[in-house]
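File shown: data-v6.txt. Contents: compact mmCIF, C-alpha atoms.
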# COMPACT_ATOMS: atom_id res chain seq x y z
CA MET A 1 -29.82 48.92 -75.35
CA GLY A 2 -31.83 46.25 -77.17
CA ALA A 3 -33.30 44.51 -74.12
CA GLU A 4 -34.58 47.72 -72.49
CA ARG A 5 -36.05 49.00 -75.73
CA PHE A 6 -37.61 45.63 -76.44
CA ARG A 7 -39.18 45.54 -72.97
CA ALA A 8 -40.55 49.06 -73.38
CA ALA A 9 -42.02 48.16 -76.79
CA VAL A 10 -43.69 45.03 -75.39
CA GLU A 11 -45.13 47.02 -72.49
CA ALA A 12 -46.51 49.57 -74.97
CA GLY A 13 -47.93 46.83 -77.23
CA ASP A 14 -45.75 48.36 -79.97
CA HIS A 15 -45.13 45.58 -82.48
CA ALA A 16 -42.99 47.69 -84.82
CA GLY A 17 -40.85 48.77 -81.86
CA MET A 18 -40.34 45.16 -80.84
CA VAL A 19 -39.31 44.14 -84.37
CA GLU A 20 -36.81 47.05 -84.56
CA GLN A 21 -34.81 45.42 -81.77
CA LEU A 22 -34.42 42.10 -83.64
CA ALA A 23 -31.24 41.31 -85.55
CA ALA A 24 -31.86 40.44 -89.23
CA ASP A 25 -30.71 36.87 -88.56
CA VAL A 26 -32.47 36.47 -85.17
CA VAL A 27 -33.15 32.91 -84.01
CA PHE A 28 -36.39 32.51 -82.01
CA ARG A 29 -37.13 29.41 -79.93
CA THR A 30 -40.73 29.00 -78.78
CA PRO A 31 -41.90 27.18 -75.64
CA VAL A 32 -43.73 24.68 -77.84
CA SER A 33 -41.75 23.64 -80.90
CA PHE A 34 -38.28 22.14 -81.05
CA ARG A 35 -37.41 23.85 -84.33
CA PRO A 36 -36.59 27.58 -84.13
CA PHE A 37 -37.94 30.39 -86.30
CA GLU A 38 -35.18 32.24 -88.11
CA GLY A 39 -34.98 35.76 -89.52
CA ARG A 40 -36.60 39.05 -88.55
CA GLU A 41 -39.62 38.67 -90.84
CA ALA A 42 -40.62 35.20 -89.61
CA VAL A 43 -40.12 36.20 -85.98
CA ALA A 44 -42.07 39.45 -86.44
CA HIS A 45 -45.01 37.36 -87.65
CA VAL A 46 -44.86 35.09 -84.59
CA LEU A 47 -44.49 38.01 -82.16
CA GLY A 48 -47.58 39.63 -83.67
CA ALA A 49 -49.54 36.46 -82.91
CA VAL A 50 -48.12 36.36 -79.37
CA LEU A 51 -49.33 39.94 -78.77
CA ARG A 52 -52.84 38.92 -79.83
CA VAL A 53 -52.91 35.69 -77.80
CA LEU A 54 -51.54 36.81 -74.41
CA SER A 55 -53.61 39.04 -72.10
CA ASP A 56 -52.67 40.94 -68.94
CA PHE A 57 -49.01 40.69 -69.90
CA ARG A 58 -46.54 42.18 -67.40
CA TYR A 59 -42.81 41.73 -66.78
CA THR A 60 -42.12 40.93 -63.12
CA ASP A 61 -38.31 40.51 -62.99
CA GLU A 62 -35.23 41.19 -65.01
CA LEU A 63 -31.86 39.42 -64.77
CA VAL A 64 -28.62 40.09 -66.61
CA GLY A 65 -25.63 37.92 -67.48
CA GLU A 66 -22.58 37.62 -69.71
CA ASN A 67 -21.48 41.25 -69.20
CA GLY A 68 -24.85 42.61 -70.25
CA ARG A 69 -25.17 40.50 -73.39
CA ARG A 70 -27.73 38.14 -71.92
CA HIS A 71 -31.07 39.23 -70.43
CA ALA A 72 -33.87 37.26 -68.83
CA LEU A 73 -37.23 39.03 -68.67
CA VAL A 74 -39.63 37.10 -66.41
CA PHE A 75 -43.31 37.64 -67.15
CA GLU A 76 -46.84 36.73 -66.14
CA ALA A 77 -49.85 36.73 -68.43
CA THR A 78 -53.01 34.84 -69.27
CA VAL A 79 -53.88 32.84 -72.37
CA GLY A 80 -57.62 32.25 -72.45
CA ASP A 81 -58.47 31.36 -68.84
CA ARG A 82 -55.01 29.95 -68.05
CA GLU A 83 -52.34 31.73 -66.03
CA VAL A 84 -48.92 31.71 -67.67
CA GLN A 85 -45.56 32.32 -66.06
CA GLY A 86 -42.70 32.66 -68.49
CA MET A 87 -39.37 34.07 -69.46
CA ASP A 88 -37.89 35.81 -72.51
CA LEU A 89 -34.22 34.86 -72.62
CA LEU A 90 -32.35 37.24 -74.94
CA ARG A 91 -28.81 37.32 -76.28
CA LEU A 92 -27.66 40.56 -77.91
CA ASN A 93 -25.21 40.88 -80.80
CA ASP A 94 -22.41 43.49 -81.10
CA ASP A 95 -24.96 46.07 -82.31
CA GLY A 96 -27.14 45.56 -79.22
CA LEU A 97 -29.84 43.84 -81.28
CA ILE A 98 -31.52 40.58 -80.25
CA ALA A 99 -29.70 37.71 -81.98
CA GLU A 100 -31.17 34.84 -79.91
CA PHE A 101 -34.61 34.84 -78.33
CA THR A 102 -35.78 31.85 -76.31
CA VAL A 103 -39.16 31.69 -74.56
CA MET A 104 -40.08 29.24 -71.81
CA VAL A 105 -43.39 29.05 -69.97
CA ARG A 106 -45.01 27.07 -67.19
CA PRO A 107 -47.10 25.23 -66.08
CA LEU A 108 -47.95 22.57 -68.69
CA SER A 109 -51.61 23.69 -68.85
CA ALA A 110 -50.35 27.10 -70.01
CA THR A 111 -47.96 25.60 -72.58
CA LEU A 112 -50.81 23.58 -74.06
CA ALA A 113 -53.19 26.56 -74.08
CA LEU A 114 -50.50 28.64 -75.77
CA ARG A 115 -49.90 25.95 -78.39
CA ASP A 116 -53.60 25.81 -79.21
CA ALA A 117 -54.08 29.59 -79.29
CA MET A 118 -50.95 30.18 -81.38
CA GLY A 119 -51.94 27.39 -83.76
CA ARG A 120 -55.30 29.07 -84.36
CA GLU A 121 -53.73 32.52 -84.65
CA LEU A 122 -51.10 31.40 -87.18
CA GLY A 123 -53.62 29.34 -89.14
CA LEU A 124 -51.92 26.04 -88.34
CA VAL A 125 -55.15 24.57 -86.97
CA SER A 126 -58.74 25.64 -87.48
CA MET B 1 -23.81 32.14 -51.63
CA GLY B 2 -26.80 29.80 -52.05
CA ALA B 3 -27.00 29.88 -55.84
CA GLU B 4 -23.30 29.08 -56.38
CA ARG B 5 -23.35 26.29 -53.82
CA PHE B 6 -26.57 24.91 -55.27
CA ARG B 7 -25.09 24.92 -58.77
CA ALA B 8 -21.94 23.16 -57.56
CA ALA B 9 -24.01 20.53 -55.76
CA VAL B 10 -26.13 19.89 -58.86
CA GLU B 11 -23.02 19.57 -61.01
CA ALA B 12 -21.60 17.06 -58.50
CA GLY B 13 -24.90 15.12 -58.37
CA ASP B 14 -24.81 15.82 -54.61
CA HIS B 15 -28.43 15.62 -53.45
CA ALA B 16 -27.66 16.42 -49.79
CA GLY B 17 -25.65 19.45 -50.87
CA MET B 18 -28.56 20.70 -52.98
CA VAL B 19 -31.02 20.29 -50.10
CA GLU B 20 -28.69 22.19 -47.73
CA GLN B 21 -29.19 25.30 -49.84
CA LEU B 22 -32.99 25.21 -49.53
CA ALA B 23 -34.78 27.39 -46.98
CA ALA B 24 -37.01 25.41 -44.60
CA ASP B 25 -40.08 27.08 -46.13
CA VAL B 26 -38.91 26.90 -49.76
CA VAL B 27 -41.62 27.11 -52.46
CA PHE B 28 -40.86 25.03 -55.57
CA ARG B 29 -42.76 25.53 -58.83
CA THR B 30 -42.34 22.77 -61.42
CA PRO B 31 -42.59 23.16 -65.20
CA VAL B 32 -45.61 20.85 -65.19
CA SER B 33 -48.00 21.49 -62.31
CA PHE B 34 -49.71 24.73 -61.38
CA ARG B 35 -49.60 23.99 -57.65
CA PRO B 36 -46.21 24.46 -55.93
CA PHE B 37 -44.42 22.06 -53.59
CA GLU B 38 -43.72 23.64 -50.21
CA GLY B 39 -41.12 22.91 -47.54
CA ARG B 40 -37.59 21.52 -47.66
CA GLU B 41 -38.62 17.89 -47.19
CA ALA B 42 -41.16 17.81 -50.02
CA VAL B 43 -38.82 19.67 -52.37
CA ALA B 44 -35.89 17.39 -51.47
CA HIS B 45 -38.02 14.43 -52.55
CA VAL B 46 -38.84 16.04 -55.90
CA LEU B 47 -35.22 17.09 -56.54
CA GLY B 48 -34.12 13.50 -55.92
CA ALA B 49 -36.49 12.35 -58.63
CA VAL B 50 -35.26 15.09 -60.98
CA LEU B 51 -31.66 13.90 -60.52
CA ARG B 52 -32.71 10.37 -61.49
CA VAL B 53 -34.80 11.46 -64.50
CA LEU B 54 -32.51 13.98 -66.25
CA SER B 55 -29.35 12.82 -68.06
CA ASP B 56 -26.41 14.79 -69.48
CA PHE B 57 -27.36 17.73 -67.30
CA ARG B 58 -25.20 20.86 -67.69
CA TYR B 59 -25.68 24.53 -66.86
CA THR B 60 -24.97 26.74 -69.87
CA ASP B 61 -25.62 30.28 -68.59
CA GLU B 62 -26.12 32.20 -65.39
CA LEU B 63 -27.92 35.51 -64.94
CA VAL B 64 -28.34 37.64 -61.83
CA GLY B 65 -30.91 40.22 -60.78
CA GLU B 66 -32.37 42.09 -57.84
CA ASN B 67 -28.97 42.93 -56.31
CA GLY B 68 -27.87 39.31 -56.28
CA ARG B 69 -31.06 37.95 -54.71
CA ARG B 70 -32.37 36.47 -57.94
CA HIS B 71 -30.47 33.95 -60.07
CA ALA B 72 -31.36 32.24 -63.33
CA LEU B 73 -29.39 29.09 -64.13
CA VAL B 74 -30.00 28.03 -67.73
CA PHE B 75 -29.50 24.33 -68.42
CA GLU B 76 -29.60 21.63 -71.07
CA ALA B 77 -30.28 17.96 -70.44
CA THR B 78 -32.06 14.94 -71.84
CA VAL B 79 -35.06 13.09 -70.49
CA GLY B 80 -35.32 9.71 -72.19
CA ASP B 81 -34.57 10.50 -75.84
CA ARG B 82 -35.82 14.10 -75.64
CA GLU B 83 -33.60 17.17 -75.46
CA VAL B 84 -34.59 19.60 -72.73
CA GLN B 85 -33.69 23.26 -72.42
CA GLY B 86 -34.62 24.83 -69.12
CA MET B 87 -34.03 27.31 -66.38
CA ASP B 88 -33.83 27.23 -62.59
CA LEU B 89 -35.07 30.61 -61.37
CA LEU B 90 -34.02 31.12 -57.75
CA ARG B 91 -34.81 33.77 -55.16
CA LEU B 92 -32.64 33.83 -52.04
CA ASN B 93 -33.73 34.85 -48.54
CA ASP B 94 -31.75 37.00 -46.09
CA ASP B 95 -29.69 33.95 -45.10
CA GLY B 96 -28.67 33.28 -48.71
CA LEU B 97 -30.86 30.16 -48.85
CA ILE B 98 -33.24 29.38 -51.70
CA ALA B 99 -36.72 30.59 -50.73
CA GLU B 100 -38.35 30.40 -54.18
CA PHE B 101 -37.39 27.94 -56.88
CA THR B 102 -39.17 27.98 -60.24
CA VAL B 103 -38.31 25.66 -63.11
CA MET B 104 -39.33 26.18 -66.73
CA VAL B 105 -38.45 23.95 -69.68
CA ARG B 106 -38.98 23.80 -73.42
CA PRO B 107 -40.00 22.52 -75.92
CA LEU B 108 -43.40 20.96 -75.24
CA SER B 109 -42.11 17.48 -76.16
CA ALA B 110 -39.62 17.80 -73.29
CA THR B 111 -42.25 19.07 -70.83
CA LEU B 112 -44.45 16.07 -71.63
CA ALA B 113 -41.54 13.61 -71.36
CA LEU B 114 -40.58 15.17 -68.03
CA ARG B 115 -44.15 14.91 -66.75
CA ASP B 116 -44.29 11.22 -67.66
CA ALA B 117 -40.86 10.38 -66.25
CA MET B 118 -41.45 12.32 -63.00
CA GLY B 119 -44.87 10.71 -62.61
CA ARG B 120 -43.30 7.26 -62.84
CA GLU B 121 -40.42 8.23 -60.53
CA LEU B 122 -42.70 9.69 -57.85
CA GLY B 123 -45.15 6.79 -58.14
CA LEU B 124 -47.98 8.99 -59.42
CA VAL B 125 -48.46 6.76 -62.48
CA SER B 126 -47.37 3.20 -63.10

Could you take the file, read its structure, and then write that structure out as structure tokens?
Amino acid sequence: MGAERFRAAVEAGDHAGMVEQLAADVVFRTPVSFRPFEGREAVAHVLGAVLRVLSDFRYTDELVGENGRRHALVFEATVGDREVQGMDLLRLNDDGLIAEFTVMVRPLSATLALRDAMGRELGLVS
Amino acid sequence: MGAERFRAAVEAGDHAGMVEQLAADVVFRTPVSFRPFEGREAVAHVLGAVLRVLSDFRYTDELVGENGRRHALVFEATVGDREVQGMDLLRLNDDGLIAEFTVMVRPLSATLALRDAMGRELGLVS
């Protein structure tokens, strides 16, 4: 089951294990940008940066919908000195791999801190 | 069931019906501010402003967790000329009323537009 394996990989800090659960044509929507990232390679790159940017990451709740095809993993973490509350919203394909991956966070101070930290991590800003 | 009735009230634009599903001691966390709003009266005021600020509101997905106590209602809407994707994350109390209500939205452009529109609506900014 893609969502369980993905969660276990995140909790182990296992980047390769996370990427294994992504469909080749995965679409990833970040909390910050309107435009999605597409494809396993691009998303793997972003997820690597997320792992480096978020501290004290823990999943606090899990919800399921659409006959098990849709999962919401609610999390808490910190980015710098800001507390983040967020959610990974996953949709699985017929192979149980993650085909759609949408992340939302709150509050605004956390979204801004995440934008800045991710920008530095991905080399978008200095 | 509080979540179903709340969803129906939102879809009908029925503010009183939404407020009926809130526990007296409801805690409401917005996408913008760190500090929650507490109590049915305060949250009713904020939800009224949300109804006025968001256009083309529709729920697109529903997920359930914690033996039916936790619901995630995924939505799309517009605020001004910005597209918003978001989620109402609800926790019900023993009476089936909404005791915790957390809202997250994306992308950042939508969070900022929502902050500005809500600030105007609630009289926090001119």

- Task: For chain B, list the residues within 6 Å of chain A, counting all atoms listed in the file, and write the list as a PyMOL selection string.
- Result: chain B and resi 31-34+63-65+104-108

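Separating CA of Ala9 (chain B) from CA of Leu114 (chain B) is a distance of 21.3 Å.
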
- Skipping near chain neighbours, those fewer than 2 positions away, what residues fall within 12 Å of Val27 (chain B) using all atoms listed in the file, listed as a ChimeraX atom specification? /B:22-25,29-30,35-44,46,89-93,97-103

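Nearest residue to Leu124 (chain B), choosing from B:Met18, B:Val10, B:Ala49, B:Ala3 and counting all atoms listed in the file: B:Ala49.
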
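Nearest to Gly80 (chain B) of all the residues B:His15, B:Arg5, B:Arg52, B:Arg58 is B:Arg52, based on only C-alpha atoms.
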
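The two atoms in question, CA of Ala113 (chain A) and CA of Val79 (chain A), are spaced 6.5 Å apart.
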
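When only C-alpha atoms are used to measure the gap to Arg7 (chain B), the shortest distance among B:His45, B:Asp88, B:Asp81, B:Glu76 belongs to B:Asp88.
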
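Closest approach to Phe28 (chain B) among B:Glu11, B:Ala16, B:Leu47, B:Gly119 is made by B:Leu47 (distances from only C-alpha atoms).
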